[in-house]
>>> print(open('entry.txt').read())   # compact mmCIF, N, CA and C atoms
# COMPACT_ATOMS: atom_id res chain seq x y z
N VAL E 1 -10.65 -4.52 -14.84
CA VAL E 1 -10.57 -3.10 -14.54
C VAL E 1 -9.73 -2.92 -13.27
N PRO E 2 -8.68 -2.12 -13.35
CA PRO E 2 -7.89 -1.88 -12.14
C PRO E 2 -8.72 -1.12 -11.11
N TRP E 3 -8.62 -1.52 -9.89
CA TRP E 3 -9.38 -0.86 -8.84
C TRP E 3 -8.48 -0.28 -7.76
N ARG E 4 -7.17 -0.55 -7.88
CA ARG E 4 -6.24 0.08 -6.96
C ARG E 4 -4.89 0.22 -7.63
N PHE E 5 -4.16 1.20 -7.18
CA PHE E 5 -2.79 1.42 -7.63
C PHE E 5 -1.91 1.16 -6.42
N THR E 6 -0.98 0.22 -6.57
CA THR E 6 -0.13 -0.16 -5.46
C THR E 6 1.28 0.33 -5.73
N PHE E 7 1.87 0.94 -4.72
CA PHE E 7 3.27 1.36 -4.84
C PHE E 7 4.01 1.04 -3.56
N ARG E 8 5.32 0.99 -3.68
CA ARG E 8 6.18 0.64 -2.55
C ARG E 8 6.88 1.90 -2.05
N ILE E 9 6.85 2.07 -0.75
CA ILE E 9 7.52 3.19 -0.10
C ILE E 9 8.21 2.65 1.14
N GLY E 10 9.33 3.20 1.49
CA GLY E 10 10.05 2.73 2.67
C GLY E 10 9.16 2.70 3.90
N ASN E 11 9.37 1.70 4.72
CA ASN E 11 8.59 1.50 5.93
C ASN E 11 8.59 2.75 6.81
N ASN E 12 9.68 3.52 6.78
CA ASN E 12 9.77 4.70 7.64
C ASN E 12 8.85 5.83 7.19
N LYS E 13 8.39 5.83 5.92
CA LYS E 13 7.49 6.89 5.44
C LYS E 13 6.06 6.42 5.22
N ARG E 14 5.86 5.13 5.22
CA ARG E 14 4.53 4.61 4.87
C ARG E 14 3.46 5.11 5.83
N ALA E 15 3.70 5.01 7.11
CA ALA E 15 2.68 5.43 8.09
C ALA E 15 2.35 6.91 7.94
N THR E 16 3.36 7.73 7.69
CA THR E 16 3.13 9.16 7.52
C THR E 16 2.25 9.43 6.31
N ILE E 17 2.57 8.78 5.19
CA ILE E 17 1.77 8.97 3.98
C ILE E 17 0.34 8.49 4.19
N VAL E 18 0.17 7.33 4.76
CA VAL E 18 -1.17 6.78 4.98
C VAL E 18 -1.98 7.69 5.92
N ASN E 19 -1.37 8.12 6.99
CA ASN E 19 -2.07 8.99 7.94
C ASN E 19 -2.46 10.32 7.31
N GLU E 20 -1.57 10.89 6.50
CA GLU E 20 -1.86 12.17 5.86
C GLU E 20 -2.98 12.03 4.83
N LEU E 21 -2.94 10.97 4.05
CA LEU E 21 -4.01 10.74 3.07
C LEU E 21 -5.35 10.55 3.76
N ARG E 22 -5.35 9.76 4.81
CA ARG E 22 -6.62 9.53 5.54
C ARG E 22 -7.12 10.81 6.20
N LYS E 23 -6.20 11.61 6.71
CA LYS E 23 -6.58 12.89 7.33
C LYS E 23 -7.26 13.79 6.30
N ASN E 24 -6.87 13.66 5.05
CA ASN E 24 -7.46 14.45 3.96
C ASN E 24 -8.61 13.71 3.27
N ASN E 25 -9.13 12.68 3.95
CA ASN E 25 -10.28 11.91 3.45
C ASN E 25 -10.02 11.29 2.08
N LEU E 26 -8.79 10.82 1.87
CA LEU E 26 -8.41 10.15 0.64
C LEU E 26 -8.27 8.66 0.94
N HIS E 27 -8.83 7.83 0.09
CA HIS E 27 -8.87 6.39 0.33
C HIS E 27 -7.52 5.73 0.09
N VAL E 28 -7.06 5.02 1.10
CA VAL E 28 -5.76 4.35 1.05
C VAL E 28 -5.80 3.15 1.98
N SER E 29 -5.02 2.13 1.65
CA SER E 29 -4.88 0.99 2.55
C SER E 29 -3.46 0.46 2.47
N THR E 30 -3.13 -0.42 3.38
CA THR E 30 -1.81 -1.04 3.41
C THR E 30 -1.93 -2.55 3.39
N TRP E 31 -3.07 -3.03 3.01
CA TRP E 31 -3.32 -4.46 3.08
C TRP E 31 -2.52 -5.20 2.02
N TYR E 32 -1.55 -5.94 2.46
CA TYR E 32 -0.76 -6.83 1.61
C TYR E 32 -0.16 -7.88 2.53
N PRO E 33 -0.95 -8.88 2.89
CA PRO E 33 -0.46 -9.85 3.88
C PRO E 33 0.65 -10.73 3.33
N SER E 34 1.62 -10.99 4.16
CA SER E 34 2.70 -11.90 3.80
C SER E 34 2.19 -13.33 3.77
N LEU E 35 2.71 -14.12 2.86
CA LEU E 35 2.32 -15.52 2.77
C LEU E 35 3.09 -16.39 3.76
N TYR E 36 4.08 -15.83 4.39
CA TYR E 36 4.94 -16.58 5.29
C TYR E 36 4.16 -17.42 6.32
N PRO E 37 3.18 -16.86 7.02
CA PRO E 37 2.46 -17.68 8.01
C PRO E 37 1.80 -18.91 7.41
N ARG E 38 1.42 -18.87 6.16
CA ARG E 38 0.76 -20.01 5.53
C ARG E 38 1.74 -21.12 5.18
N PHE E 39 3.00 -20.78 4.97
CA PHE E 39 3.99 -21.76 4.57
C PHE E 39 4.94 -22.14 5.69
N LYS E 40 4.80 -21.52 6.82
CA LYS E 40 5.70 -21.70 7.95
C LYS E 40 5.76 -23.16 8.40
N ALA E 41 4.64 -23.80 8.50
CA ALA E 41 4.61 -25.17 9.01
C ALA E 41 5.21 -26.14 8.00
N GLY E 42 6.12 -26.97 8.46
CA GLY E 42 6.65 -28.03 7.63
C GLY E 42 7.80 -27.66 6.72
N SER E 43 8.28 -26.42 6.80
CA SER E 43 9.38 -26.03 5.92
C SER E 43 10.36 -25.16 6.69
N ASN E 44 11.57 -25.64 6.82
CA ASN E 44 12.60 -24.86 7.52
C ASN E 44 13.05 -23.66 6.71
N SER E 45 12.92 -23.73 5.41
CA SER E 45 13.40 -22.64 4.57
C SER E 45 12.29 -21.69 4.14
N SER E 46 11.09 -21.83 4.68
CA SER E 46 9.97 -21.00 4.24
C SER E 46 10.21 -19.53 4.51
N SER E 47 10.95 -19.18 5.56
CA SER E 47 11.20 -17.75 5.81
C SER E 47 12.06 -17.16 4.71
N ASP E 48 12.98 -17.96 4.14
CA ASP E 48 13.78 -17.49 3.02
C ASP E 48 12.92 -17.33 1.77
N ILE E 49 12.04 -18.28 1.54
CA ILE E 49 11.19 -18.24 0.36
C ILE E 49 10.27 -17.02 0.40
N CYS E 50 9.76 -16.69 1.54
CA CYS E 50 8.78 -15.61 1.67
C CYS E 50 9.40 -14.30 2.15
N GLU E 51 10.69 -14.17 2.11
CA GLU E 51 11.35 -12.96 2.61
C GLU E 51 10.83 -11.70 1.91
N VAL E 52 10.70 -11.75 0.60
CA VAL E 52 10.22 -10.59 -0.15
C VAL E 52 8.79 -10.26 0.27
N SER E 53 7.98 -11.27 0.42
CA SER E 53 6.60 -11.07 0.83
C SER E 53 6.52 -10.37 2.19
N GLN E 54 7.40 -10.75 3.10
CA GLN E 54 7.42 -10.14 4.43
C GLN E 54 7.83 -8.66 4.35
N VAL E 55 8.79 -8.35 3.50
CA VAL E 55 9.22 -6.96 3.33
C VAL E 55 8.10 -6.14 2.70
N LEU E 56 7.52 -6.65 1.63
CA LEU E 56 6.46 -5.91 0.94
C LEU E 56 5.25 -5.68 1.82
N SER E 57 4.95 -6.60 2.71
CA SER E 57 3.79 -6.42 3.58
C SER E 57 3.94 -5.20 4.48
N LYS E 58 5.17 -4.71 4.65
CA LYS E 58 5.42 -3.54 5.48
C LYS E 58 5.65 -2.27 4.67
N GLU E 59 5.73 -2.39 3.34
CA GLU E 59 6.12 -1.24 2.52
C GLU E 59 5.13 -0.86 1.41
N LEU E 60 4.09 -1.65 1.18
CA LEU E 60 3.17 -1.34 0.09
C LEU E 60 2.02 -0.46 0.55
N VAL E 61 1.60 0.41 -0.36
CA VAL E 61 0.46 1.30 -0.13
C VAL E 61 -0.48 1.11 -1.31
N ASN E 62 -1.76 1.02 -1.04
CA ASN E 62 -2.79 0.86 -2.07
C ASN E 62 -3.64 2.13 -2.14
N LEU E 63 -3.72 2.69 -3.33
CA LEU E 63 -4.60 3.83 -3.58
C LEU E 63 -5.79 3.33 -4.37
N TRP E 64 -6.98 3.69 -3.95
CA TRP E 64 -8.20 3.21 -4.59
C TRP E 64 -8.50 4.07 -5.81
N ILE E 65 -8.54 3.44 -6.98
CA ILE E 65 -8.66 4.20 -8.23
C ILE E 65 -9.74 3.67 -9.15
N ALA E 66 -10.77 3.08 -8.64
CA ALA E 66 -11.84 2.58 -9.49
C ALA E 66 -12.30 3.71 -10.42
N PRO E 67 -12.36 3.47 -11.73
CA PRO E 67 -12.59 4.54 -12.71
C PRO E 67 -13.85 5.36 -12.49
N ASN E 68 -14.90 4.76 -12.05
CA ASN E 68 -16.15 5.50 -11.86
C ASN E 68 -16.29 6.11 -10.47
N GLU E 69 -15.26 5.95 -9.66
CA GLU E 69 -15.36 6.41 -8.28
C GLU E 69 -14.36 7.49 -7.91
N ILE E 70 -13.47 7.87 -8.84
CA ILE E 70 -12.46 8.86 -8.50
C ILE E 70 -12.29 9.84 -9.65
N SER E 71 -12.24 11.10 -9.31
CA SER E 71 -12.10 12.14 -10.33
C SER E 71 -10.62 12.47 -10.55
N ASN E 72 -10.36 13.16 -11.63
CA ASN E 72 -8.99 13.60 -11.89
C ASN E 72 -8.50 14.53 -10.79
N GLN E 73 -9.38 15.36 -10.26
CA GLN E 73 -8.99 16.26 -9.17
C GLN E 73 -8.60 15.47 -7.93
N ARG E 74 -9.32 14.42 -7.65
CA ARG E 74 -9.01 13.58 -6.49
C ARG E 74 -7.65 12.92 -6.67
N ILE E 75 -7.35 12.49 -7.88
CA ILE E 75 -6.05 11.89 -8.17
C ILE E 75 -4.94 12.92 -7.94
N MET E 76 -5.17 14.14 -8.38
CA MET E 76 -4.18 15.21 -8.16
C MET E 76 -4.02 15.51 -6.67
N ASP E 77 -5.11 15.46 -5.92
CA ASP E 77 -5.03 15.68 -4.48
C ASP E 77 -4.14 14.61 -3.83
N ILE E 78 -4.31 13.36 -4.26
CA ILE E 78 -3.49 12.27 -3.73
C ILE E 78 -2.02 12.50 -4.08
N CYS E 79 -1.76 12.81 -5.34
CA CYS E 79 -0.37 13.04 -5.78
C CYS E 79 0.28 14.18 -5.00
N ASN E 80 -0.45 15.27 -4.85
CA ASN E 80 0.09 16.41 -4.11
C ASN E 80 0.38 16.07 -2.66
N CYS E 81 -0.50 15.33 -2.06
CA CYS E 81 -0.34 14.93 -0.66
C CYS E 81 0.90 14.04 -0.50
N VAL E 82 1.06 13.06 -1.38
CA VAL E 82 2.21 12.17 -1.31
C VAL E 82 3.49 12.94 -1.61
N ASN E 83 3.47 13.79 -2.61
CA ASN E 83 4.67 14.54 -2.98
C ASN E 83 5.15 15.46 -1.87
N LYS E 84 4.24 16.01 -1.08
CA LYS E 84 4.64 16.87 0.03
C LYS E 84 5.46 16.09 1.06
N ILE E 85 5.16 14.82 1.20
CA ILE E 85 5.83 14.00 2.22
C ILE E 85 7.16 13.47 1.71
N ILE E 86 7.19 13.04 0.46
CA ILE E 86 8.44 12.47 -0.04
C ILE E 86 9.27 13.53 -0.73
>>> encode(input="entry.txt", output="structure tokens")
Amino acid sequence: VPWRFTFRIGNNKRATIVNELRKNNLHVSTWYPSLYPRFKAGSNSSSDICEVSQVLSKELVNLWIAPNEISNQRIMDICNCVNKII
């Protein structure tokens, strides 16, 4: 069962979207840790391997969508809030 919807937004708008959603008591997170720190030791090319992971860790937004915990109206509230910003 999906419990979150993850989307990518430019780093310059992510904080604004997250802050606005939280201000409206809508559940959101940005947790997407880069794997780079785990592979850093012992590999000179690890930063190249994990480059995408490092970018995504700064640009992903997670919306909590557990089926029994969110109503259609709440989903529309989230969409409207995000659409106002972008």
>>> residues_around(input="entry.txt", residues="Arg74 of chain E", least_positions_apart="6", cutoff="12 Å", atoms="only C-alpha atoms", output="PyMOL selection string")
chain E and resi 21+24-27+63-67+80-81
>>> select_by_dssp(input="entry.txt", residues="chain E", states="helix (DSSP H, G or I)", output="number ranges by chain")
E: 11-23, 36-39, 46-49, 51-59, 72-85
>>> residues_around(input="entry.txt", residues="Asn12 of chain E", least_positions_apart="5", cutoff="8 Å", atoms="all atoms listed in the file", output="PyMOL selection string")
chain E and resi 17+58-59
>>> atom_distance(input="entry.txt", atom1="atom C of Ser53 of chain E", atom2="atom CA of Tyr32 of chain E")
8.1 Å
>>> residues_around(input="entry.txt", residues="Trp31 of chain E", least_positions_apart="4", cutoff="8 Å", atoms="only N, CA and C atoms", output="NGL selection string")
:E and (56-57 or 60-62)
>>> atom_distance(input="entry.txt", atom1="atom N of Arg38 of chain E", atom2="atom C of Thr16 of chain E")
28.3 Å
>>> closest_residue(input="entry.txt", among="E:Asn19, E:Ser71, E:Ser34, E:Lys13", to="Val55 of chain E", atoms="only C-alpha atoms")
E:Ser34
>>> atom_distance(input="entry.txt", atom1="atom N of Ile78 of chain E", atom2="atom N of Pro2 of chain E")
18.5 Å
